[in-house]
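Engineer: Structure file data_18.cif (mmCIF, C-alpha atoms and all ligand atoms) right here:
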```cif
data_input
#
loop_
_atom_site.group_PDB
_atom_site.id
_atom_site.type_symbol
_atom_site.label_atom_id
_atom_site.label_comp_id
_atom_site.auth_asym_id
_atom_site.auth_seq_id
_atom_site.Cartn_x
_atom_site.Cartn_y
_atom_site.Cartn_z
ATOM 1 C CA MET Z 257 11.934 -1.899 -28.692
ATOM 2 C CA SER Z 258 11.240 1.062 -26.531
ATOM 3 C CA PHE Z 259 8.573 2.277 -24.146
ATOM 4 C CA THR Z 260 6.317 5.303 -24.027
ATOM 5 C CA GLU Z 261 5.065 5.332 -20.436
ATOM 6 C CA ALA Z 262 6.821 5.179 -17.079
ATOM 7 C CA ASP Z 263 6.317 1.961 -15.090
ATOM 8 C CA SER Z 264 6.299 3.836 -11.805
ATOM 9 C CA SER Z 265 3.999 6.648 -10.736
ATOM 10 C CA VAL Z 266 7.020 7.968 -8.829
ATOM 11 C CA ALA Z 267 8.878 8.688 -12.129
ATOM 12 C CA ASN Z 268 8.637 12.293 -13.343
ATOM 13 C CA SER Z 269 9.681 11.603 -16.946
ATOM 14 C CA ILE Z 270 11.093 8.996 -19.313
ATOM 15 C CA TYR Z 271 14.252 9.151 -21.435
ATOM 16 C CA PRO Z 272 14.380 5.749 -23.197
ATOM 17 C CA THR Z 273 17.696 4.219 -24.226
ATOM 18 C CA GLN Z 274 18.524 1.362 -26.584
ATOM 19 C CA ASN Z 275 21.302 0.341 -24.194
ATOM 20 C CA CYS Z 276 19.315 -2.544 -22.731
ATOM 21 C CA THR Z 277 18.311 -6.148 -23.468
ATOM 22 C CA TRP Z 278 14.695 -7.067 -24.232
ATOM 23 C CA SER Z 279 15.297 -10.710 -24.977
ATOM 24 C CA PRO Z 280 15.645 -12.495 -22.693
ATOM 25 C CA GLY Z 281 13.804 -9.920 -20.618
ATOM 26 C CA LEU Z 282 14.206 -9.032 -16.972
ATOM 27 C CA ASN Z 283 13.258 -11.384 -14.129
ATOM 28 C CA PRO Z 284 12.997 -8.753 -11.379
ATOM 29 C CA ILE Z 285 13.861 -10.099 -7.934
ATOM 30 C CA TRP Z 286 16.156 -7.333 -6.709
ATOM 31 C CA VAL Z 287 16.123 -3.573 -6.392
ATOM 32 C CA VAL Z 288 19.770 -2.593 -6.919
ATOM 33 C CA LEU Z 289 21.079 0.721 -5.549
ATOM 34 C CA HIS Z 290 23.877 2.620 -7.276
ATOM 35 C CA THR Z 291 25.507 6.041 -7.177
ATOM 36 C CA MET Z 292 26.234 7.766 -10.478
ATOM 37 C CA GLU Z 293 29.635 9.109 -9.360
ATOM 38 C CA THR Z 294 28.492 12.643 -10.103
ATOM 39 C CA PRO Z 295 27.608 15.779 -8.141
ATOM 40 C CA GLU Z 296 24.096 15.935 -6.681
ATOM 41 C CA GLY Z 297 22.531 18.809 -8.672
ATOM 42 C CA ASP Z 298 18.967 18.983 -9.978
ATOM 43 C CA GLN Z 299 19.973 18.318 -13.620
ATOM 44 C CA ILE Z 300 22.024 15.171 -12.941
ATOM 45 C CA ALA Z 301 19.234 12.615 -13.578
ATOM 46 C CA GLU Z 302 18.413 14.337 -16.893
ATOM 47 C CA ASN Z 303 22.098 14.609 -17.909
ATOM 48 C CA ILE Z 304 22.928 10.987 -17.078
ATOM 49 C CA SER Z 305 19.742 9.771 -18.812
ATOM 50 C CA SER Z 306 20.879 11.635 -21.905
ATOM 51 C CA TRP Z 307 24.285 9.959 -21.632
ATOM 52 C CA PHE Z 308 22.618 6.516 -21.233
ATOM 53 C CA ALA Z 309 20.653 7.238 -24.439
ATOM 54 C CA ASN Z 310 23.944 7.495 -26.322
ATOM 55 C CA PRO Z 311 24.936 4.103 -27.811
ATOM 56 C CA VAL Z 312 28.569 5.011 -27.164
ATOM 57 C CA ALA Z 313 27.887 4.917 -23.413
ATOM 58 C CA GLY Z 314 27.248 1.168 -23.535
ATOM 59 C CA THR Z 315 25.649 1.388 -20.103
ATOM 60 C CA SER Z 316 22.277 2.215 -18.527
ATOM 61 C CA ALA Z 317 19.971 1.839 -15.521
ATOM 62 C CA HIS Z 318 16.218 1.629 -15.158
ATOM 63 C CA TYR Z 319 16.009 4.859 -13.175
ATOM 64 C CA CYS Z 320 18.113 7.954 -12.493
ATOM 65 C CA VAL Z 321 17.343 9.990 -9.377
ATOM 66 C CA ASP Z 322 18.495 13.490 -8.402
ATOM 67 C CA PRO Z 323 17.139 15.851 -5.738
ATOM 68 C CA ASP Z 324 14.179 17.055 -7.803
ATOM 69 C CA SER Z 325 13.305 14.209 -10.176
ATOM 70 C CA VAL Z 326 13.166 10.545 -11.128
ATOM 71 C CA VAL Z 327 13.807 9.721 -14.805
ATOM 72 C CA GLN Z 328 13.099 6.249 -16.215
ATOM 73 C CA CYS Z 329 15.525 5.131 -18.951
ATOM 74 C CA VAL Z 330 14.872 1.376 -19.299
ATOM 75 C CA ASP Z 331 11.509 -0.413 -19.256
ATOM 76 C CA GLU Z 332 11.113 -2.748 -16.273
ATOM 77 C CA ARG Z 333 10.541 -5.657 -18.697
ATOM 78 C CA ALA Z 334 14.041 -5.183 -20.137
ATOM 79 C CA CYS Z 335 17.498 -5.698 -18.631
ATOM 80 C CA ALA Z 336 19.503 -2.552 -17.966
ATOM 81 C CA TRP Z 337 23.252 -2.611 -18.496
ATOM 82 C CA ALA Z 338 24.258 -1.694 -14.984
ATOM 83 C CA ALA Z 339 25.910 -4.520 -13.038
ATOM 84 C CA MET Z 340 27.266 -7.264 -15.341
ATOM 85 C CA GLN Z 341 25.465 -10.486 -16.294
ATOM 86 C CA VAL Z 342 23.810 -11.672 -13.088
ATOM 87 C CA GLY Z 343 23.007 -8.205 -11.775
ATOM 88 C CA ASN Z 344 21.504 -7.175 -15.101
ATOM 89 C CA ALA Z 345 19.389 -10.335 -15.463
ATOM 90 C CA TYR Z 346 17.626 -9.993 -12.080
ATOM 91 C CA GLY Z 347 17.846 -6.378 -10.942
ATOM 92 C CA ILE Z 348 15.836 -3.206 -11.340
ATOM 93 C CA HIS Z 349 18.657 -0.683 -11.167
ATOM 94 C CA ILE Z 350 18.389 2.751 -9.589
ATOM 95 C CA GLU Z 351 21.196 5.291 -10.051
ATOM 96 C CA MET Z 352 21.317 8.008 -7.403
ATOM 97 C CA ALA Z 353 23.155 11.285 -7.963
ATOM 98 C CA GLY Z 354 26.200 11.289 -5.681
ATOM 99 C CA ARG Z 355 29.336 9.275 -5.069
ATOM 100 C CA ALA Z 356 30.283 6.013 -3.359
ATOM 101 C CA ALA Z 357 32.957 7.955 -1.462
ATOM 102 C CA GLN Z 358 30.368 10.119 0.351
ATOM 103 C CA THR Z 359 30.608 10.002 4.130
ATOM 104 C CA ALA Z 360 27.586 9.486 6.373
ATOM 105 C CA ALA Z 361 27.686 13.240 7.096
ATOM 106 C CA GLU Z 362 27.588 13.967 3.361
ATOM 107 C CA TRP Z 363 24.593 11.654 2.927
ATOM 108 C CA ALA Z 364 22.862 13.697 5.627
ATOM 109 C CA ASP Z 365 22.915 16.982 3.672
ATOM 110 C CA SER Z 366 19.699 18.279 2.172
ATOM 111 C CA GLN Z 367 20.452 17.284 -1.427
ATOM 112 C CA SER Z 368 21.316 13.696 -0.426
ATOM 113 C CA GLN Z 369 18.239 13.511 1.762
ATOM 114 C CA ALA Z 370 16.031 14.628 -1.125
ATOM 115 C CA ILE Z 371 17.616 11.950 -3.323
ATOM 116 C CA LEU Z 372 17.106 9.319 -0.586
ATOM 117 C CA ALA Z 373 13.440 10.266 -0.184
ATOM 118 C CA ARG Z 374 12.758 9.949 -3.938
ATOM 119 C CA THR Z 375 14.746 6.722 -4.199
ATOM 120 C CA ALA Z 376 12.898 5.246 -1.199
ATOM 121 C CA ALA Z 377 9.490 6.119 -2.685
ATOM 122 C CA LEU Z 378 10.575 4.560 -5.992
ATOM 123 C CA THR Z 379 11.981 1.455 -4.261
ATOM 124 C CA ALA Z 380 8.744 0.998 -2.280
ATOM 125 C CA ASP Z 381 6.718 1.282 -5.473
ATOM 126 C CA ILE Z 382 8.909 -1.294 -7.259
ATOM 127 C CA CYS Z 383 8.779 -3.670 -4.256
ATOM 128 C CA ARG Z 384 4.988 -3.411 -4.144
ATOM 129 C CA ARG Z 385 4.464 -3.976 -7.886
ATOM 130 C CA HIS Z 386 6.955 -6.853 -8.178
ATOM 131 C CA ASN Z 387 6.213 -8.438 -4.811
ATOM 132 C CA ILE Z 388 9.780 -7.879 -3.587
ATOM 133 C CA PRO Z 389 10.099 -7.733 0.222
ATOM 134 C CA ALA Z 390 11.506 -4.467 1.597
ATOM 135 C CA ARG Z 391 14.591 -6.026 3.208
ATOM 136 C CA TYR Z 392 18.307 -6.180 2.627
ATOM 137 C CA LEU Z 393 19.725 -9.542 1.621
ATOM 138 C CA THR Z 394 22.682 -11.296 3.184
ATOM 139 C CA ASP Z 395 25.393 -12.372 0.746
ATOM 140 C CA GLN Z 396 24.075 -15.938 1.026
ATOM 141 C CA GLN Z 397 20.482 -14.877 0.305
ATOM 142 C CA LEU Z 398 21.685 -12.871 -2.701
ATOM 143 C CA ALA Z 399 23.677 -15.871 -3.979
ATOM 144 C CA ASP Z 400 20.575 -18.055 -3.485
ATOM 145 C CA GLY Z 401 18.471 -15.706 -5.612
ATOM 146 C CA GLU Z 402 16.148 -14.574 -2.822
ATOM 147 C CA LYS Z 403 14.099 -11.426 -3.354
ATOM 148 C CA GLY Z 404 15.065 -8.121 -1.760
ATOM 149 C CA ILE Z 405 17.024 -4.894 -1.886
ATOM 150 C CA THR Z 406 20.737 -4.952 -2.663
ATOM 151 C CA THR Z 407 23.571 -2.751 -3.901
ATOM 152 C CA HIS Z 408 26.016 -2.756 -6.775
ATOM 153 C CA ALA Z 409 28.742 -3.301 -4.156
ATOM 154 C CA GLN Z 410 27.096 -6.471 -2.832
ATOM 155 C CA ILE Z 411 26.477 -7.861 -6.317
ATOM 156 C CA SER Z 412 30.145 -7.263 -7.140
ATOM 157 C CA ARG Z 413 31.234 -8.968 -3.916
ATOM 158 C CA VAL Z 414 28.985 -12.020 -4.317
ATOM 159 C CA PHE Z 415 29.159 -12.682 -8.060
ATOM 160 C CA LYS Z 416 32.671 -11.307 -8.626
ATOM 161 C CA GLN Z 417 31.871 -9.932 -12.071
ATOM 162 C CA SER Z 418 32.916 -6.347 -11.244
ATOM 163 C CA ASP Z 419 34.713 -4.319 -8.592
ATOM 164 C CA HIS Z 420 32.194 -1.490 -8.119
ATOM 165 C CA THR Z 421 31.550 -0.441 -4.526
ATOM 166 C CA ASP Z 422 28.602 1.947 -4.928
ATOM 167 C CA PRO Z 423 26.585 3.315 -3.202
ATOM 168 C CA GLY Z 424 29.456 3.138 -0.681
ATOM 169 C CA GLU Z 425 29.981 2.443 2.991
ATOM 170 C CA GLY Z 426 28.678 5.851 4.079
ATOM 171 C CA PHE Z 427 25.272 5.137 2.509
ATOM 172 C CA PRO Z 428 22.681 5.363 5.325
ATOM 173 C CA SER Z 429 21.215 1.929 4.708
ATOM 174 C CA GLN Z 430 19.074 1.738 7.872
ATOM 175 C CA GLN Z 431 17.596 5.205 7.355
ATOM 176 C CA PHE Z 432 16.886 4.296 3.730
ATOM 177 C CA LEU Z 433 15.155 1.022 4.635
ATOM 178 C CA GLY Z 434 13.037 2.905 7.184
ATOM 179 C CA LEU Z 435 11.946 5.347 4.480
ATOM 180 C CA VAL Z 436 11.043 2.461 2.145
ATOM 181 C CA GLN Z 437 9.060 0.685 4.858
ATOM 182 C CA ARG Z 438 7.298 3.892 5.813
ATOM 183 C CA ALA Z 439 6.326 4.473 2.168
ATOM 184 C CA LEU Z 440 5.010 0.893 1.953
ATOM 185 C CA GLY Z 441 3.183 1.294 5.281
ATOM 186 C CA ALA Z 442 1.539 4.504 4.101
ATOM 187 C CA ALA Z 443 0.342 2.707 0.948
ATOM 188 C CA ALA Z 444 -1.002 -0.202 3.027
ATOM 189 C CA VAL Z 445 -2.820 2.122 5.456
ATOM 190 C CA GLN Z 446 -4.354 3.896 2.482
ATOM 191 C CA SER Z 447 -5.700 0.639 1.038
ATOM 192 C CA VAL Z 448 -7.082 -0.459 4.438
ATOM 193 C CA ALA Z 449 -8.774 2.943 4.751
ATOM 194 C CA GLN Z 450 -10.321 2.378 1.338
ATOM 195 C CA VAL Z 451 -11.625 -1.052 2.342
ATOM 196 C CA VAL Z 452 -13.072 0.363 5.574
ATOM 197 C CA SER Z 453 -14.758 3.231 3.755
ATOM 198 C CA GLU Z 454 -16.249 0.787 1.232
ATOM 199 C CA GLY Z 455 -17.409 -1.273 4.214
ATOM 200 C CA GLU Z 456 -18.983 1.821 5.723
ATOM 201 C CA GLU Z 457 -20.947 2.436 2.535
ATOM 202 C CA MET Z 458 -22.222 -1.159 2.585
ATOM 203 C CA SER Z 459 -23.056 -0.892 6.279
ATOM 204 C CA LYS Z 460 -25.075 2.265 5.612
ATOM 205 C CA GLU Z 461 -27.162 0.477 2.979
ATOM 206 C CA ILE Z 462 -27.860 -2.373 5.384
ATOM 207 C CA LEU Z 463 -28.670 0.170 8.124
ATOM 208 C CA GLU Z 464 -31.229 1.839 5.899
ATOM 209 C CA ALA Z 465 -32.874 -1.526 5.284
ATOM 210 C CA ILE Z 466 -32.938 -2.255 9.021
ATOM 211 C CA ASN Z 467 -34.392 1.187 9.787
ATOM 212 C CA LEU Z 468 -37.125 0.573 7.227
ATOM 213 C CA ASN Z 469 -37.951 -2.752 8.911
ATOM 214 C CA LEU Z 470 -38.005 -1.119 12.341
ATOM 215 C CA THR Z 471 -40.403 1.541 11.114
ATOM 216 C CA ARG Z 472 -42.692 -1.167 9.727
ATOM 217 C CA ILE Z 473 -42.581 -3.060 13.026
ATOM 218 C CA VAL Z 474 -43.377 0.089 15.039
ATOM 219 C CA ASN Z 475 -46.254 0.902 12.695
ATOM 220 C CA LEU Z 476 -47.531 -2.659 13.013
ATOM 221 C CA LEU Z 477 -47.449 -2.501 16.826
ATOM 222 C CA SER Z 478 -49.076 0.891 17.320
ATOM 223 C CA PRO Z 479 -51.585 2.052 18.154
ATOM 224 C CA GLY Z 480 -53.519 -0.143 20.497
ATOM 225 C CA VAL Z 481 -50.707 -2.202 21.919
ATOM 226 C CA PRO Z 482 -50.567 -1.915 25.714
ATOM 227 C CA GLY Z 483 -47.325 -0.897 27.291
ATOM 228 C CA GLN Z 484 -46.097 1.322 24.505
ATOM 229 C CA ALA Z 485 -45.732 4.239 26.917
ATOM 230 C CA GLY Z 486 -44.272 3.327 30.249
ATOM 231 C CA VAL Z 487 -45.366 -0.183 31.266
ATOM 232 C CA ARG Z 488 -42.832 -1.973 29.159
ATOM 233 C CA HIS Z 489 -42.204 -5.301 30.790
ATOM 234 C CA ALA Z 490 -45.588 -5.969 32.350
ATOM 235 C CA THR Z 491 -47.133 -7.210 29.113
ATOM 236 C CA PRO Z 492 -46.097 -9.503 26.250
ATOM 237 C CA ALA Z 493 -45.648 -6.370 24.197
ATOM 238 C CA GLY Z 494 -43.122 -5.205 26.808
ATOM 239 C CA ALA Z 495 -40.712 -7.845 25.524
ATOM 240 C CA VAL Z 496 -41.201 -6.545 22.008
ATOM 241 C CA PHE Z 497 -40.415 -2.978 23.044
ATOM 242 C CA GLN Z 498 -37.385 -4.137 25.015
ATOM 243 C CA ARG Z 499 -36.184 -5.873 21.889
ATOM 244 C CA LEU Z 500 -36.864 -2.771 19.799
ATOM 245 C CA ASP Z 501 -34.922 -0.650 22.291
ATOM 246 C CA ASN Z 502 -32.012 -3.062 22.035
ATOM 247 C CA ILE Z 503 -32.060 -2.915 18.269
ATOM 248 C CA SER Z 504 -32.308 0.882 18.221
ATOM 249 C CA ALA Z 505 -29.346 1.158 20.558
ATOM 250 C CA GLN Z 506 -27.342 -1.259 18.443
ATOM 251 C CA VAL Z 507 -28.231 0.521 15.235
ATOM 252 C CA GLN Z 508 -27.113 3.813 16.776
ATOM 253 C CA GLU Z 509 -23.859 2.184 17.880
ATOM 254 C CA LEU Z 510 -23.329 0.824 14.398
ATOM 255 C CA LYS Z 511 -24.060 4.227 12.845
ATOM 256 C CA ASP Z 512 -21.482 5.792 15.143
ATOM 257 C CA ALA Z 513 -18.935 3.158 14.272
ATOM 258 C CA ALA Z 514 -19.594 3.548 10.552
ATOM 259 C CA THR Z 515 -19.307 7.346 10.590
ATOM 260 C CA PRO Z 516 -16.065 8.346 8.853
ATOM 261 C CA GLY Z 517 -13.700 10.156 11.181
ATOM 262 C CA ARG Z 518 -15.289 8.863 14.405
ATOM 263 C CA ALA Z 519 -13.045 7.201 16.904
ATOM 264 C CA GLY Z 520 -13.908 3.669 17.899
ATOM 265 C CA VAL Z 521 -14.708 0.585 15.936
ATOM 266 C CA LYS Z 522 -13.304 0.932 12.455
ATOM 267 C CA THR Z 523 -12.722 -2.514 11.062
ATOM 268 C CA GLN Z 524 -15.011 -4.336 8.682
ATOM 269 C CA GLY Z 525 -14.922 -7.336 11.046
ATOM 270 C CA SER Z 526 -16.391 -5.405 13.957
ATOM 271 C CA LEU Z 527 -19.005 -3.730 11.740
ATOM 272 C CA ASP Z 528 -19.979 -7.185 10.484
ATOM 273 C CA ALA Z 529 -20.203 -8.502 14.056
ATOM 274 C CA ARG Z 530 -22.506 -5.636 15.043
ATOM 275 C CA LEU Z 531 -24.660 -6.160 11.976
ATOM 276 C CA SER Z 532 -25.059 -9.861 12.659
ATOM 277 C CA SER Z 533 -26.011 -9.227 16.297
ATOM 278 C CA ILE Z 534 -28.665 -6.768 15.078
ATOM 279 C CA GLU Z 535 -29.881 -9.388 12.644
ATOM 280 C CA GLU Z 536 -30.105 -11.898 15.499
ATOM 281 C CA ASN Z 537 -32.207 -9.445 17.498
ATOM 282 C CA GLN Z 538 -34.394 -8.849 14.475
ATOM 283 C CA THR Z 539 -34.968 -12.566 14.034
ATOM 284 C CA THR Z 540 -35.908 -12.947 17.701
ATOM 285 C CA LEU Z 541 -38.233 -9.969 17.379
ATOM 286 C CA ILE Z 542 -39.928 -11.426 14.316
ATOM 287 C CA ASN Z 543 -40.412 -14.718 16.209
ATOM 288 C CA ILE Z 544 -42.008 -12.875 19.135
ATOM 289 C CA LEU Z 545 -44.254 -10.900 16.779
ATOM 290 C CA THR Z 546 -45.245 -14.084 14.989
ATOM 291 C CA THR Z 547 -46.156 -15.698 18.321
ATOM 292 C CA ILE Z 548 -48.213 -12.646 19.364
ATOM 293 C CA ALA Z 549 -49.958 -12.599 15.970
ATOM 294 C CA GLU Z 550 -50.783 -16.329 16.311
ATOM 295 C CA LYS Z 551 -52.157 -15.862 19.833
ATOM 296 C CA LYS Z 552 -54.265 -12.953 18.677
ATOM 297 C CA GLY Z 553 -55.405 -14.993 15.704
ATOM 298 C CA LEU Z 554 -54.119 -12.418 13.256
HETATM 299 ZN ZN ZN K 1 26.832 0.931 -9.929
#
```
What is this file in structure tokens?
Structural biologist:
Amino acid sequence: MSFTEADSSVANSIYPTQNCTWSPGLNPIWVVLHTMETPEGDQIAENISSWFANPVAGTSAHYCVDPDSVVQCVDERACAWAAMQVGNAYGIHIEMAGRAAQTAAEWADSQSQAILARTAALTADICRRHNIPARYLTDQQLADGEKGITTHAQISRVFKQSDHTDPGEGFPSQQFLGLVQRALGAAAVQSVAQVVSEGEEMSKEILEAINLNLTRIVNLLSPGVPGQAGVRHATPAGAVFQRLDNISAQVQELKDAATPGRAGVKTQGSLDARLSSIEENQTTLINILTTIAEKKGL
């Protein structure tokens, strides 16, 4: 089997290999970080993907990352051949250009940082789609099969099926996790913003309905109702106008809150609360109007 489309929107291209296992397929609970033990140039992901596509290589990973691209080599439903039996059965494997021997200073250079940024975006996307928490696992958690981010080195240490130590002790694990969490946070903020903007659309429709009702009420009350200009509280109608003023003010407040880009109340919950308090006022108003109509014998 093979695949024709990348699983991740972060991938720039695919370069499928037969060096993988479709049956039994992958049970993805880990994102596993590796280094390719190569230089960090822009063609490394393409070159290593081409090597993975060679049956002679007998090895593979789901993704190869270099400073300017992410290439997918193995479908996320299949097991890559990257970290022996246990690692292959449960991990989505990402190979970064670079070496396990890199120092922290070497990981800080611009090429490494570009690789880290792409790998973090890819890791965040995998975590989100497979419901894997963006956290590192302790050796015990890894042994217990908990979900999270790990490394080839940790899998080697815990399951003792290999002696690989990549991505190495100089790998900036805290910086990397921060980048992953920031990428996840940005995605979450985006989806909240979408919910709020959908809420704003709904609120606007309800506002239009309320405005229509208000217009009808005003038309019903005028002309001929005392107190419309000035003497607002001296007559029964004064209470009606007070109520109308309240509703108008609340509607304006709600409009302000529902205007995209305005500071202030921006959650669906608070929009809902404002709407329901307007509805309460409307109900009271209708009751008052009904009472007036009854008294007047209308
Ligand atoms: Zn490795």
Engineer: Within 6 Å of ligand ZN 1 (chain K) (counting all atoms listed in the file), which residues show up? I'd like them as a list of chain:residue names.
Structural biologist: Z:His290, Z:Thr291, Z:His408, Z:Asp422
Engineer: Could you tell me, as a ChimeraX atom specification, exactly which residues end up selected when the PyMOL selection byres (((chain Z and resi 319) around 6) and not hetatm) is applied to this structure?
Structural biologist: /Z:317-318,320,327-329,350
Engineer: How many Å separate CA of Gly297 (chain Z) from CA of His349 (chain Z)?
Structural biologist: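 Rounded to one decimal, the two atoms are 20.0 Å apart.
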Engineer: May I ask for the distance between CA of Ala373 (chain Z) and CA of Ala361 (chain Z), given in Å to one decimal place?
Structural biologist: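 CA of Ala361 (chain Z) lies 16.3 Å from CA of Ala373 (chain Z).
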Engineer: Taking (16.3, -4.0, -18.8) in the file's coordinates, which residues come within 9 Å, counting all atoms listed in the file, written as a PyMOL selection string?
Structural biologist: chain Z and resi 275-278+281-282+316-318+330-337+344-345+347-349
Engineer: Which one of Z:Trp363, Z:Leu433, Z:His420, Z:Leu468 sits closest to Arg391 (chain Z) if you count all atoms listed in the file?
Structural biologist: Z:Leu433
Engineer: Which of these, Z:Arg355, Z:Arg385, Z:Arg438, Z:Lys403, has the shortest distance to Asp263 (chain Z) once you count all atoms listed in the file?
Structural biologist: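 So, comparing all the options, the nearest one is Z:Arg385.
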Engineer: Which of these, Z:Ile388, Z:Ala380, Z:Ile405, Z:Val326, has the shortest distance to Gly441 (chain Z) once you count only C-alpha atoms?
Structural biologist: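 Ranking Z:Ile388, Z:Ala380, Z:Ile405, Z:Val326 by distance to Gly441 (chain Z), first place goes to Z:Ala380.
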Engineer: So the first atom is CA of Ala444 (chain Z) and the second is CA of Ser264 (chain Z); what is the distance between them in Å, to one decimal place?
Structural biologist: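 Computing it gives 17.0 Å between the two atoms.
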Engineer: List the residues selected by the PyMOL selection byres (((chain Z and resi 370) around 12) and not hetatm) in the file shown, writing them as a list in words.
Structural biologist: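 Written out, the selection comes to Glu296, Gly297, Asp298, Val321, Asp322, Pro323, Asp324, Ser325, Val326, Met352, Ala353, Gly354, Trp363, Ala364, Asp365, Ser366, Gln367, Ser368, Gln369, Ile371, Leu372, Ala373, Arg374, Thr375, Ala376, Ala377, Phe432 and Leu435 of chain Z.
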Engineer: What are the centre and edge lengths in Å, to one decimal, of the axis-aligned box around all listed atoms of region 277-291 of chain Z with 6 Å added on each side, as AutoDock Vina command-line options?
Structural biologist:
```
--center_x 19.3 --center_y -3.2 --center_z -15.3 --size_x 24.5 --size_y 30.5 --size_z 31.4
```
Engineer: I'd like the neighbourhood of Thr379 (chain Z) as a PDB file with C-alpha atoms, keeping the file's coordinate frame, where a residue qualifies if any of its atoms comes within 8 Å (using only C-alpha atoms), though same-chain residues fewer than 4 positions away should be ignored.
Structural biologist:
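Output (selection.pdb):
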```pdb
ATOM      1  CA  VAL Z 287      16.123  -3.573  -6.392  1.00  0.00           C
ATOM      2  CA  THR Z 375      14.746   6.722  -4.199  1.00  0.00           C
ATOM      3  CA  CYS Z 383       8.779  -3.670  -4.256  1.00  0.00           C
ATOM      4  CA  VAL Z 436      11.043   2.461   2.145  1.00  0.00           C
TER       5      VAL Z 436
END
```
Engineer: For Thr406 (chain Z), list every protein, DNA or RNA residue within 7 Å, evaluated using only C-alpha atoms, and leave out those in the same chain fewer than 3 positions away; present the list as a PyMOL selection string.
Structural biologist: chain Z and resi 286-289+392-393+410
Engineer: For Trp307 (chain Z), which residue out of Z:Thr539, Z:Thr294, Z:Phe427, Z:Thr273 is the nearest one, using all atoms listed in the file?
Structural biologist: Z:Thr273
Engineer: Pick the closest to Gly343 (chain Z) from Z:Pro389, Z:Gly314, Z:Gly426, Z:Gly401: which is it, counting all atoms listed in the file?
Structural biologist: Z:Gly401
Engineer: For each of Z:Ala309, Z:Ile300, Z:Ile382, Z:Ile285, take the minimum atom-to-atom distance to Ile270 (chain Z), counting all atoms listed in the file, then give the residue where this is smallest.
Structural biologist: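 Closest residue, counting all atoms listed in the file: Z:Ala309.
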